[in-house]
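Undergrad: Structure below; questions to follow.
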Amino acid sequence: MNKFKAKSDGNVCTDMFVGMDLHKSYLQVAVLDGKGKVLKNSRIHNDLSKVGRFFHRIGNSSDVKVVMESSCVWYNIYEYLSEEKQLDVSLSNPFKTRAIASAKIKTDKLDAVKLADLLRGHPKISRYLLSSRLTISER
């Protein structure tokens, strides 16, 4: 099993930012390093065991931040990643991430990268739910 990690040269942040574009049968998952370089952009089946394997390959959960789009299939994945995998997971705020929905060129791969990049550069814009208790903290 190949692991992919952000490289560190002593001055580089090793944090990884994960954007997830969710669909009923599959997920598009983009992993960016602290500088915004795409490390991985994969389509995986919407199955918790496959999601778990994907995130196992990423590595240390303290360096990984995840944002997923607000859709009808987010809850089980959110709960699994935040509770079972102990990841920092948030749901994107659809009112503040309108740029993704209104983009002229729209693909699942681009959407996942845009979500991860928003989390990397503007964490308050991308975050809607901050805890597994599902309380809205920002408007």
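Please note that chains go A, B, ... in the order of the structure tokens, that every chain numbers its residues from 1, and that ligands are numbered from 1 in the order shown.
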Give me, as a ChimeraX atom specification, the residues of segment 40-81 of chain A that a backbone DSSP run labels helix (DSSP H, G or I).

TA: /A:48-58,61-63,74-81

Undergrad: Take the residues that were just selected and, keeping C-alpha atoms, output them as a PDB file, in the first residue's frame.

TA:
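Once everything was written out, this is result35.pdb:
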ATOM      1  CA  LEU A  48     -16.891   3.428   4.415  1.00  0.00           C
ATOM      2  CA  SER A  49     -14.326   0.621   4.187  1.00  0.00           C
ATOM      3  CA  LYS A  50     -12.890   2.141   0.977  1.00  0.00           C
ATOM      4  CA  VAL A  51     -12.976   5.618   2.496  1.00  0.00           C
ATOM      5  CA  GLY A  52     -11.115   4.226   5.520  1.00  0.00           C
ATOM      6  CA  ARG A  53      -8.425   2.674   3.311  1.00  0.00           C
ATOM      7  CA  PHE A  54      -7.958   5.920   1.428  1.00  0.00           C
ATOM      8  CA  PHE A  55      -7.493   7.924   4.630  1.00  0.00           C
ATOM      9  CA  HIS A  56      -5.251   5.257   6.153  1.00  0.00           C
ATOM     10  CA  ARG A  57      -2.824   5.927   3.295  1.00  0.00           C
ATOM     11  CA  ILE A  58      -2.704   9.637   4.132  1.00  0.00           C
ATOM     12  CA  SER A  61      -4.601  12.443  11.528  1.00  0.00           C
ATOM     13  CA  SER A  62      -3.266  15.515  13.357  1.00  0.00           C
ATOM     14  CA  ASP A  63      -1.877  16.857  10.064  1.00  0.00           C
ATOM     15  CA  TRP A  74     -22.521  13.679   3.906  1.00  0.00           C
ATOM     16  CA  TYR A  75     -23.587  12.502   7.372  1.00  0.00           C
ATOM     17  CA  ASN A  76     -22.270   8.900   7.510  1.00  0.00           C
ATOM     18  CA  ILE A  77     -18.955   9.894   5.972  1.00  0.00           C
ATOM     19  CA  TYR A  78     -18.630  12.892   8.304  1.00  0.00           C
ATOM     20  CA  GLU A  79     -19.389  10.779  11.364  1.00  0.00           C
ATOM     21  CA  TYR A  80     -17.008   8.001  10.283  1.00  0.00           C
ATOM     22  CA  LEU A  81     -14.080  10.333   9.573  1.00  0.00           C
TER      23      LEU A  81
END

Undergrad: Would you kindly return, as number ranges by chain, each protein, DNA or RNA residue with an atom no farther than 6 Å from any atom of Ala116 of chain A, considering only C-alpha atoms and excluding same-chain residues fewer than 3 positions away?

TA: A: 17-19, 113, 119

Undergrad: With C-alpha atoms retained, write the just-selected residues as a CSV table (one decimal), in the first residue's frame.

TA:
chain,number,residue,atom,x,y,z
A,17,PHE,CA,-6.0,19.5,3.1
A,18,VAL,CA,-8.6,17.2,1.8
A,19,GLY,CA,-11.6,18.3,-0.3
A,113,VAL,CA,-9.6,20.6,-5.4
A,119,LEU,CA,-9.9,24.9,3.5

Undergrad: Which residues of segment 42-103 of chain A sit at most 10 Å from segment 24-30 of chain A, using only C-alpha atoms? Give each one's shortest atom pair and distance in Å (one decimal place), in chain and ascending residue order, as a Markdown table.

TA:
| residue | atom | partner | partner_atom | distance |
| --- | --- | --- | --- | --- |
| A:Ser42 | CA | A:Val29 | CA | 5.3 |
| A:Arg43 | CA | A:Gln28 | CA | 4.4 |
| A:Ile44 | CA | A:Leu27 | CA | 5.3 |
| A:His45 | CA | A:Tyr26 | CA | 4.2 |
| A:Asn46 | CA | A:Tyr26 | CA | 4.4 |
| A:Asp47 | CA | A:Tyr26 | CA | 7.9 |
| A:Val51 | CA | A:Leu27 | CA | 8.7 |
| A:Phe54 | CA | A:Val29 | CA | 9.2 |
| A:Val66 | CA | A:Val29 | CA | 9.7 |
| A:Val67 | CA | A:Val29 | CA | 9.9 |
| A:Met68 | CA | A:Val29 | CA | 9.0 |
| A:Ser71 | CA | A:Lys24 | CA | 9.3 |
| A:Cys72 | CA | A:Lys24 | CA | 8.1 |
| A:Val73 | CA | A:Lys24 | CA | 6.3 |
| A:Trp74 | CA | A:Lys24 | CA | 9.5 |

Undergrad: Can you spit out the residues from that selection as a JSON list (two decimals), in the first residue's frame, using N, CA and C atoms?

TA:
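As written to disk, result.json reads:
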[["chain", "number", "residue", "atom", "x", "y", "z"],
["A", 42, "SER", "N", -8.51, 11.44, -6.40],
["A", 42, "SER", "CA", -9.01, 10.10, -6.71],
["A", 42, "SER", "C", -10.52, 10.01, -6.59],
["A", 43, "ARG", "N", -11.06, 9.13, -7.41],
["A", 43, "ARG", "CA", -12.49, 8.77, -7.32],
["A", 43, "ARG", "C", -12.56, 7.44, -6.60],
["A", 44, "ILE", "N", -13.30, 7.40, -5.49],
["A", 44, "ILE", "CA", -13.45, 6.15, -4.74],
["A", 44, "ILE", "C", -14.93, 5.86, -4.52],
["A", 45, "HIS", "N", -15.24, 4.60, -4.34],
["A", 45, "HIS", "CA", -16.62, 4.21, -4.09],
["A", 45, "HIS", "C", -17.10, 4.77, -2.76],
["A", 46, "ASN", "N", -18.36, 5.14, -2.72],
["A", 46, "ASN", "CA", -18.95, 5.66, -1.49],
["A", 46, "ASN", "C", -19.26, 4.47, -0.57],
["A", 47, "ASP", "N", -18.21, 3.98, 0.03],
["A", 47, "ASP", "CA", -18.26, 2.82, 0.92],
["A", 47, "ASP", "C", -17.28, 3.11, 2.05],
["A", 51, "VAL", "N", -13.34, 4.29, 1.98],
["A", 51, "VAL", "CA", -12.98, 5.62, 2.50],
["A", 51, "VAL", "C", -11.90, 5.47, 3.58],
["A", 54, "PHE", "N", -8.53, 4.72, 2.04],
["A", 54, "PHE", "CA", -7.96, 5.92, 1.43],
["A", 54, "PHE", "C", -7.31, 6.80, 2.50],
["A", 66, "VAL", "N", -10.10, 18.01, 6.70],
["A", 66, "VAL", "CA", -11.00, 17.56, 5.65],
["A", 66, "VAL", "C", -12.21, 18.48, 5.57],
["A", 67, "VAL", "N", -12.62, 18.80, 4.35],
["A", 67, "VAL", "CA", -13.87, 19.51, 4.12],
["A", 67, "VAL", "C", -14.64, 18.75, 3.05],
["A", 68, "MET", "N", -15.93, 18.60, 3.27],
["A", 68, "MET", "CA", -16.77, 17.92, 2.29],
["A", 68, "MET", "C", -17.93, 18.82, 1.91],
["A", 71, "SER", "N", -24.18, 17.86, 0.91],
["A", 71, "SER", "CA", -25.06, 17.12, 0.00],
["A", 71, "SER", "C", -25.88, 16.14, 0.84],
["A", 72, "CYS", "N", -26.70, 15.38, 0.19],
["A", 72, "CYS", "CA", -27.59, 14.48, 0.92],
["A", 72, "CYS", "C", -26.88, 13.24, 1.46],
["A", 73, "VAL", "N", -25.61, 13.04, 1.14],
["A", 73, "VAL", "CA", -24.92, 11.82, 1.59],
["A", 73, "VAL", "C", -23.75, 12.10, 2.55],
["A", 74, "TRP", "N", -23.69, 13.30, 3.12],
["A", 74, "TRP", "CA", -22.52, 13.68, 3.91],
["A", 74, "TRP", "C", -22.47, 13.05, 5.29]]

Undergrad: How far is it from atom CA of Asn93 of chain A to atom CA of His122 of chain A, in Å with one decimal?

TA: 11.9 Å

Undergrad: Hey, what does DSSP flag as strand (DSSP E) within segment 43-126 of chain A? Can you give it to me as a list in words?

TA: Arg43, Ile44, His45, Val64, Lys65, Val66, Val67, Met68, Asp88, Val89, Ser90 and Leu91 of chain A
